[in-house]
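Asker: Below is run06.cif; it holds mmCIF, C-alpha atoms.
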data_model
loop_
_atom_site.label_atom_id
_atom_site.label_comp_id
_atom_site.auth_asym_id
_atom_site.auth_seq_id
_atom_site.Cartn_x
_atom_site.Cartn_y
_atom_site.Cartn_z
CA ALA X 880 0.00 0.00 0.00
CA GLN X 881 1.13 3.53 -0.58
CA SER X 882 -0.01 6.96 0.46
CA VAL X 883 0.91 10.60 0.10
CA THR X 884 0.42 13.38 2.60
CA GLN X 885 0.75 16.99 1.58
CA LEU X 886 1.22 18.77 4.83
CA ASP X 887 -0.27 22.12 3.84
CA SER X 888 -3.53 22.65 1.99
CA HIS X 889 -2.63 26.31 1.33
CA VAL X 890 0.72 28.11 1.21
CA SER X 891 1.02 31.85 0.75
CA VAL X 892 4.31 33.56 -0.06
CA SER X 893 5.35 36.95 -1.37
CA GLU X 894 6.66 37.30 -4.89
CA GLY X 895 10.44 36.91 -4.93
CA THR X 896 10.60 34.85 -1.71
CA PRO X 897 11.32 31.11 -1.47
CA VAL X 898 8.64 28.47 -1.89
CA LEU X 899 8.45 25.25 0.13
CA LEU X 900 5.66 22.72 -0.47
CA ARG X 901 5.90 19.72 1.82
CA CYS X 902 5.16 16.11 0.95
CA ASN X 903 5.59 12.88 2.89
CA TYR X 904 4.95 9.47 1.43
CA SER X 905 4.72 5.85 2.41
CA SER X 906 5.35 3.00 0.04
CA SER X 907 6.04 -0.70 0.23
CA TYR X 908 8.31 -0.40 -2.77
CA SER X 909 11.17 1.74 -3.90
CA PRO X 910 8.94 4.56 -5.02
CA SER X 911 8.83 6.77 -8.04
CA LEU X 912 7.74 10.25 -6.98
CA PHE X 913 6.37 13.13 -8.97
CA TRP X 914 5.17 16.68 -8.59
CA TYR X 915 2.40 17.90 -10.87
CA VAL X 916 1.05 21.44 -11.19
CA GLN X 917 -2.48 22.40 -12.17
CA HIS X 918 -3.19 25.96 -13.23
CA PRO X 919 -6.82 27.12 -13.23
CA ASN X 920 -8.77 25.53 -16.07
CA LYS X 921 -5.72 23.68 -17.30
CA GLY X 922 -4.63 20.05 -17.26
CA LEU X 923 -2.01 18.70 -14.91
CA GLN X 924 1.55 19.33 -15.98
CA LEU X 925 4.52 17.30 -14.80
CA LEU X 926 7.00 19.48 -12.90
CA LEU X 927 9.59 16.84 -12.05
CA LYS X 928 10.04 13.18 -11.20
CA TYR X 929 12.29 11.01 -9.07
CA THR X 930 12.95 7.44 -10.21
CA SER X 931 15.88 6.24 -8.03
CA ALA X 932 18.61 8.24 -9.70
CA ALA X 933 19.94 11.48 -8.16
CA THR X 934 18.13 12.41 -4.96
CA LEU X 935 17.99 16.09 -5.90
CA VAL X 936 15.73 16.45 -8.88
CA LYS X 937 15.48 19.58 -10.99
CA GLY X 938 12.28 20.35 -12.82
CA ILE X 939 10.79 23.00 -15.00
CA ASN X 940 10.31 26.66 -14.11
CA GLY X 941 13.07 26.65 -11.49
CA PHE X 942 11.48 24.05 -9.21
CA GLU X 943 13.40 21.26 -7.58
CA ALA X 944 12.72 18.52 -5.05
CA GLU X 945 14.88 16.40 -2.80
CA PHE X 946 14.14 12.76 -2.08
CA LYS X 947 15.00 11.92 1.55
CA LYS X 948 14.45 8.26 2.24
CA SER X 949 15.19 8.52 5.96
CA GLU X 950 12.47 11.14 6.34
CA THR X 951 10.16 9.67 3.65
CA SER X 952 9.86 13.16 2.25
CA PHE X 953 9.87 14.73 -1.20
CA HIS X 954 9.49 18.46 -0.60
CA LEU X 955 9.22 20.87 -3.52
CA THR X 956 11.18 24.12 -3.45
CA LYS X 957 11.86 27.17 -5.55
CA PRO X 958 14.28 29.95 -4.58
CA SER X 959 12.15 32.84 -5.78
CA ALA X 960 8.40 32.78 -6.35
CA HIS X 961 6.82 34.33 -9.40
CA MET X 962 3.21 35.39 -9.81
CA SER X 963 2.78 32.75 -12.51
CA ASP X 964 3.55 30.02 -9.95
CA ALA X 965 0.12 30.47 -8.36
CA ALA X 966 -1.58 27.11 -8.88
CA GLU X 967 -2.48 23.79 -7.27
CA TYR X 968 0.43 21.40 -6.72
CA PHE X 969 0.11 17.64 -6.33
CA CYS X 970 2.67 15.27 -4.90
CA VAL X 971 2.32 11.81 -6.44
CA VAL X 972 3.80 8.39 -5.69
CA SER X 973 3.81 5.45 -8.07
CA ARG X 974 3.47 1.86 -6.96
CA TYR X 975 5.74 0.78 -9.77
CA SER X 976 9.46 1.38 -9.62
CA GLY X 977 9.29 2.35 -13.26
CA GLY X 978 6.45 4.71 -12.47
CA GLY X 979 3.64 3.21 -14.52
CA ALA X 980 0.93 5.80 -14.95
CA ASP X 981 -1.83 3.49 -13.73
CA GLY X 982 -0.37 3.11 -10.27
CA LEU X 983 -0.32 6.76 -9.27
CA THR X 984 -1.49 7.86 -5.82
CA PHE X 985 -2.10 11.59 -5.51
CA GLY X 986 -1.92 13.82 -2.49
CA LYS X 987 -4.84 16.15 -1.84
CA GLY X 988 -2.97 19.11 -3.26
CA THR X 989 -1.45 22.34 -1.99
CA HIS X 990 -2.84 25.62 -3.21
CA LEU X 991 0.04 28.06 -3.70
CA ILE X 992 -0.85 31.73 -3.39
CA ILE X 993 1.61 34.41 -4.45
CA GLN X 994 1.25 37.82 -2.85
CA PRO X 995 2.46 40.80 -4.90
CA ASN D 126 1.02 18.96 -31.58
CA ALA D 127 -2.11 18.59 -29.49
CA GLY D 128 -2.00 17.19 -25.98
CA VAL D 129 -4.69 15.08 -24.40
CA MET D 130 -8.08 16.44 -25.41
CA GLN D 131 -11.11 15.92 -23.25
CA ASN D 132 -14.65 16.92 -24.04
CA PRO D 133 -16.88 18.29 -22.94
CA ARG D 134 -15.09 20.50 -20.43
CA HIS D 135 -18.24 20.89 -18.39
CA LEU D 136 -21.20 18.56 -18.30
CA VAL D 137 -24.44 18.94 -16.39
CA ARG D 138 -26.74 15.97 -16.01
CA ARG D 139 -29.91 15.34 -14.05
CA ARG D 140 -30.04 12.40 -11.69
CA GLY D 141 -30.76 9.23 -13.61
CA GLN D 142 -29.33 10.41 -16.93
CA GLU D 143 -26.25 9.05 -18.63
CA ALA D 144 -22.94 10.89 -18.86
CA ARG D 145 -20.41 10.24 -21.63
CA LEU D 146 -16.93 11.67 -21.27
CA ARG D 147 -14.50 11.58 -24.16
CA CYS D 148 -10.75 11.52 -24.24
CA SER D 149 -8.47 11.73 -27.25
CA PRO D 150 -4.91 10.77 -26.22
CA VAL D 151 -1.74 12.34 -27.48
CA LYS D 152 -1.17 11.15 -31.04
CA GLY D 153 0.75 7.90 -30.96
CA HIS D 154 -0.03 7.09 -27.32
CA SER D 155 -1.54 3.67 -26.86
CA HIS D 156 -2.23 3.78 -23.12
CA VAL D 157 -5.09 5.71 -21.55
CA TYR D 158 -5.93 6.23 -17.88
CA TRP D 159 -8.95 7.75 -16.21
CA TYR D 160 -8.76 9.46 -12.82
CA ARG D 161 -11.50 11.07 -10.73
CA GLN D 162 -11.08 14.06 -8.45
CA LEU D 163 -13.76 14.56 -5.83
CA PRO D 164 -14.05 17.98 -4.14
CA GLU D 165 -11.16 18.62 -1.73
CA GLU D 166 -9.53 15.32 -2.67
CA GLY D 167 -6.58 14.22 -4.76
CA LEU D 168 -7.04 12.32 -7.98
CA LYS D 169 -8.01 8.67 -7.65
CA PHE D 170 -7.19 6.05 -10.26
CA MET D 171 -10.18 4.50 -11.99
CA VAL D 172 -9.13 2.48 -15.03
CA TYR D 173 -6.24 1.77 -17.37
CA LEU D 174 -6.88 0.86 -20.98
CA GLN D 175 -4.92 -0.03 -24.05
CA LYS D 176 -6.47 -0.18 -27.48
CA GLU D 177 -9.52 -2.51 -27.26
CA ASN D 178 -8.40 -3.84 -23.87
CA ILE D 179 -9.07 -3.00 -20.24
CA ILE D 180 -5.83 -3.63 -18.39
CA ASP D 181 -6.75 -2.57 -14.85
CA GLU D 182 -10.16 -1.43 -13.65
CA SER D 183 -9.51 -1.85 -9.95
CA GLY D 184 -10.54 1.75 -9.25
CA MET D 185 -13.85 1.66 -11.11
CA PRO D 186 -17.10 1.48 -9.16
CA LYS D 187 -18.65 -1.94 -9.74
CA GLU D 188 -21.92 -0.59 -11.08
CA ARG D 189 -22.97 2.09 -13.57
CA PHE D 190 -19.41 2.91 -14.71
CA SER D 191 -17.76 1.55 -17.83
CA ALA D 192 -14.85 2.55 -20.05
CA GLU D 193 -13.64 1.68 -23.49
CA PHE D 194 -10.79 2.57 -25.82
CA PRO D 195 -11.75 1.33 -29.28
CA LYS D 196 -9.39 0.68 -32.14
CA GLU D 197 -10.56 3.89 -33.76
CA GLY D 198 -11.74 6.99 -31.98
CA PRO D 199 -11.47 8.40 -28.48
CA SER D 200 -11.67 6.65 -25.16
CA ILE D 201 -15.09 6.91 -23.54
CA LEU D 202 -15.95 6.89 -19.85
CA ARG D 203 -19.64 6.18 -19.46
CA ILE D 204 -21.65 6.68 -16.31
CA GLN D 205 -25.20 5.39 -16.33
CA GLN D 206 -28.00 6.62 -14.08
CA VAL D 207 -25.86 9.36 -12.55
CA VAL D 208 -26.27 10.32 -8.91
CA ARG D 209 -25.20 13.47 -7.03
CA GLY D 210 -22.14 11.67 -5.68
CA ASP D 211 -20.80 11.29 -9.23
CA SER D 212 -20.23 15.05 -9.39
CA ALA D 213 -16.48 15.40 -9.79
CA ALA D 214 -13.71 16.30 -12.18
CA TYR D 215 -12.73 13.39 -14.42
CA PHE D 216 -9.22 13.45 -15.84
CA CYS D 217 -7.85 11.42 -18.67
CA ALA D 218 -4.14 10.79 -19.17
CA SER D 219 -2.16 9.03 -21.85
CA SER D 220 1.32 7.68 -22.20
CA PRO D 221 3.34 5.94 -24.88
CA ARG D 222 4.17 2.28 -24.51
CA GLY D 223 6.72 1.66 -21.76
CA SER D 224 6.78 5.19 -20.39
CA SER D 225 6.27 6.28 -16.82
CA GLU D 226 5.21 9.81 -17.73
CA ALA D 227 1.53 10.50 -18.05
CA PHE D 228 0.18 13.49 -19.95
CA PHE D 229 -3.06 14.74 -18.49
CA GLY D 230 -5.99 16.47 -20.14
CA GLN D 231 -7.83 19.48 -18.74
CA GLY D 232 -10.55 17.34 -17.27
CA THR D 233 -14.31 17.15 -17.58
CA ARG D 234 -16.24 18.66 -14.71
CA LEU D 235 -19.44 16.71 -14.22
CA THR D 236 -22.24 18.24 -12.20
CA VAL D 237 -25.27 16.16 -11.34
CA VAL D 238 -28.35 18.18 -10.42
#
Can the structure from this file be put into structure tokens for me?

Answerer:
Amino acid sequence: AQSVTQLDSHVSVSEGTPVLLRCNYSSSYSPSLFWYVQHPNKGLQLLLKYTSAATLVKGINGFEAEFKKSETSFHLTKPSAHMSDAAEYFCVVSRYSGGGADGLTFGKGTHLIIQP
Amino acid sequence: NAGVMQNPRHLVRRRGQEARLRCSPVKGHSHVYWYRQLPEEGLKFMVYLQKENIIDESGMPKERFSAEFPKEGPSILRIQQVVRGDSAAYFCASSPRGSSEAFFGQGTRLTVV
């Protein structure tokens, strides 16, 4: 069994300040982990993925995430927030080590608000 | 180079009617997945299809829900005799053979009144 917990339902930061979106997971397997972003009225877009290579993963738009097995965490960070980052973010774990798209378990999402 | 296309974007049905949701995968993708997002919840897996085959339907409700991905045409998620609890956003995703990356559509938001 696997699960994902996104620790904050809403995060509000000022433009230009760092972003931290927290995610903890549990998995019976060596997990594949993903972060997806959903802008209003848009589909989900893959930000980055971890599949047992480097523990620090760089994604699009300046985001990165660090896989910490000892803490079962996969937090998403960005050094400097931009207004266009305002969206819903989902942390996702796959039950397959190769990350098959049918075995995805989604967190409930974190709504990121950017203050001007 | 179109992504995953879902239609309609919004669908309103009265209780007891049928809802048909369509999904056209990325060109060349042979694997389709349907996910449902209830209010205040994350997405939940429903079904995984390849052309003309259901591979995994472990997330589908046992009654009223069915899905298909015919040889020609889009994938269809069909909900018969809809009830208020079916109101949700339904997302379709596709991937090429052997890939772990899923490309998601914009979703269909079903409202049952």

Asker: Give me, as a short mmCIF file (atom, residue, chain, number, x, y, z; two decimals) with C-alpha atoms, in the coordinates of the input, the residues of chain D touching chain X, with the criterion being at most 10 Å (counting all atoms listed in the file).

Answerer:
data_model
loop_
_atom_site.label_atom_id
_atom_site.label_comp_id
_atom_site.auth_asym_id
_atom_site.auth_seq_id
_atom_site.Cartn_x
_atom_site.Cartn_y
_atom_site.Cartn_z
CA GLY D 128 -2.00 17.19 -25.98
CA VAL D 129 -4.69 15.08 -24.40
CA MET D 130 -8.08 16.44 -25.41
CA GLN D 131 -11.11 15.92 -23.25
CA ARG D 134 -15.09 20.50 -20.43
CA HIS D 156 -2.23 3.78 -23.12
CA VAL D 157 -5.09 5.71 -21.55
CA TYR D 158 -5.93 6.23 -17.88
CA TRP D 159 -8.95 7.75 -16.21
CA TYR D 160 -8.76 9.46 -12.82
CA GLN D 162 -11.08 14.06 -8.45
CA LEU D 163 -13.76 14.56 -5.83
CA PRO D 164 -14.05 17.98 -4.14
CA GLU D 165 -11.16 18.62 -1.73
CA GLU D 166 -9.53 15.32 -2.67
CA GLY D 167 -6.58 14.22 -4.76
CA LEU D 168 -7.04 12.32 -7.98
CA LYS D 169 -8.01 8.67 -7.65
CA PHE D 170 -7.19 6.05 -10.26
CA MET D 171 -10.18 4.50 -11.99
CA VAL D 172 -9.13 2.48 -15.03
CA TYR D 173 -6.24 1.77 -17.37
CA LEU D 174 -6.88 0.86 -20.98
CA ILE D 180 -5.83 -3.63 -18.39
CA ASP D 181 -6.75 -2.57 -14.85
CA GLU D 182 -10.16 -1.43 -13.65
CA GLY D 184 -10.54 1.75 -9.25
CA PHE D 216 -9.22 13.45 -15.84
CA CYS D 217 -7.85 11.42 -18.67
CA ALA D 218 -4.14 10.79 -19.17
CA SER D 219 -2.16 9.03 -21.85
CA SER D 220 1.32 7.68 -22.20
CA GLY D 223 6.72 1.66 -21.76
CA SER D 224 6.78 5.19 -20.39
CA SER D 225 6.27 6.28 -16.82
CA GLU D 226 5.21 9.81 -17.73
CA ALA D 227 1.53 10.50 -18.05
CA PHE D 228 0.18 13.49 -19.95
CA PHE D 229 -3.06 14.74 -18.49
CA GLY D 230 -5.99 16.47 -20.14
CA GLN D 231 -7.83 19.48 -18.74
CA GLY D 232 -10.55 17.34 -17.27
#

Asker: Give me the result of the PyMOL selection byres ((chain D and resi 203) around 7) on this file, residue by residue, as a count of residues only.

Answerer: 10

Asker: List the residues matched by the PyMOL selection byres ((chain X and resi 893) around 10) in the displayed structure as number ranges by chain, ordered by chain and then by residue number.

Answerer: X: 891-892, 894-898, 959-962, 992-995

Asker: Write to file, as a PDB file, in the frame of the given file, the residues of the selection just made, with C-alpha atoms.

Answerer:
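Okay, this is what ended up in result-v3.pdb:
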ATOM      1  CA  SER X 891       1.020  31.850   0.750  1.00  0.00           C
ATOM      2  CA  VAL X 892       4.310  33.560  -0.060  1.00  0.00           C
ATOM      3  CA  GLU X 894       6.660  37.300  -4.890  1.00  0.00           C
ATOM      4  CA  GLY X 895      10.440  36.910  -4.930  1.00  0.00           C
ATOM      5  CA  THR X 896      10.600  34.850  -1.710  1.00  0.00           C
ATOM      6  CA  PRO X 897      11.320  31.110  -1.470  1.00  0.00           C
ATOM      7  CA  VAL X 898       8.640  28.470  -1.890  1.00  0.00           C
ATOM      8  CA  SER X 959      12.150  32.840  -5.780  1.00  0.00           C
ATOM      9  CA  ALA X 960       8.400  32.780  -6.350  1.00  0.00           C
ATOM     10  CA  HIS X 961       6.820  34.330  -9.400  1.00  0.00           C
ATOM     11  CA  MET X 962       3.210  35.390  -9.810  1.00  0.00           C
ATOM     12  CA  ILE X 992      -0.850  31.730  -3.390  1.00  0.00           C
ATOM     13  CA  ILE X 993       1.610  34.410  -4.450  1.00  0.00           C
ATOM     14  CA  GLN X 994       1.250  37.820  -2.850  1.00  0.00           C
ATOM     15  CA  PRO X 995       2.460  40.800  -4.900  1.00  0.00           C
TER      16      PRO X 995
END

Asker: In Å, rounded to a single decimal, give me how far atom CA of D:Gly141 is from atom CA of D:Arg209.

Answerer: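 Value for the atom CA of D:Arg209-atom CA of D:Gly141 distance: 9.6 Å.
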
Asker: Just want the 7 Å neighbourhood of D:Arg234, counted on only C-alpha atoms, with same-chain residues fewer than 6 positions away dropped. Output as a list in words.

Answerer: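 Everything that qualifies: Arg134, His135, Leu136, Ala213, Ala214 and Tyr215 of chain D.
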
Asker: Given the file above and the PyMOL selection byres ((chain X and resi 934) around 6), which residues are selected, and can you give them as a VMD selection string?

Answerer: chain X and resid 933 935 945 to 946

Asker: For a test of reading the model, state the distance in Å between atom CA of X:Tyr929 and atom CA of D:Cys148, rounded to one decimal.

Answerer: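 Those two atoms sit 27.6 Å apart.
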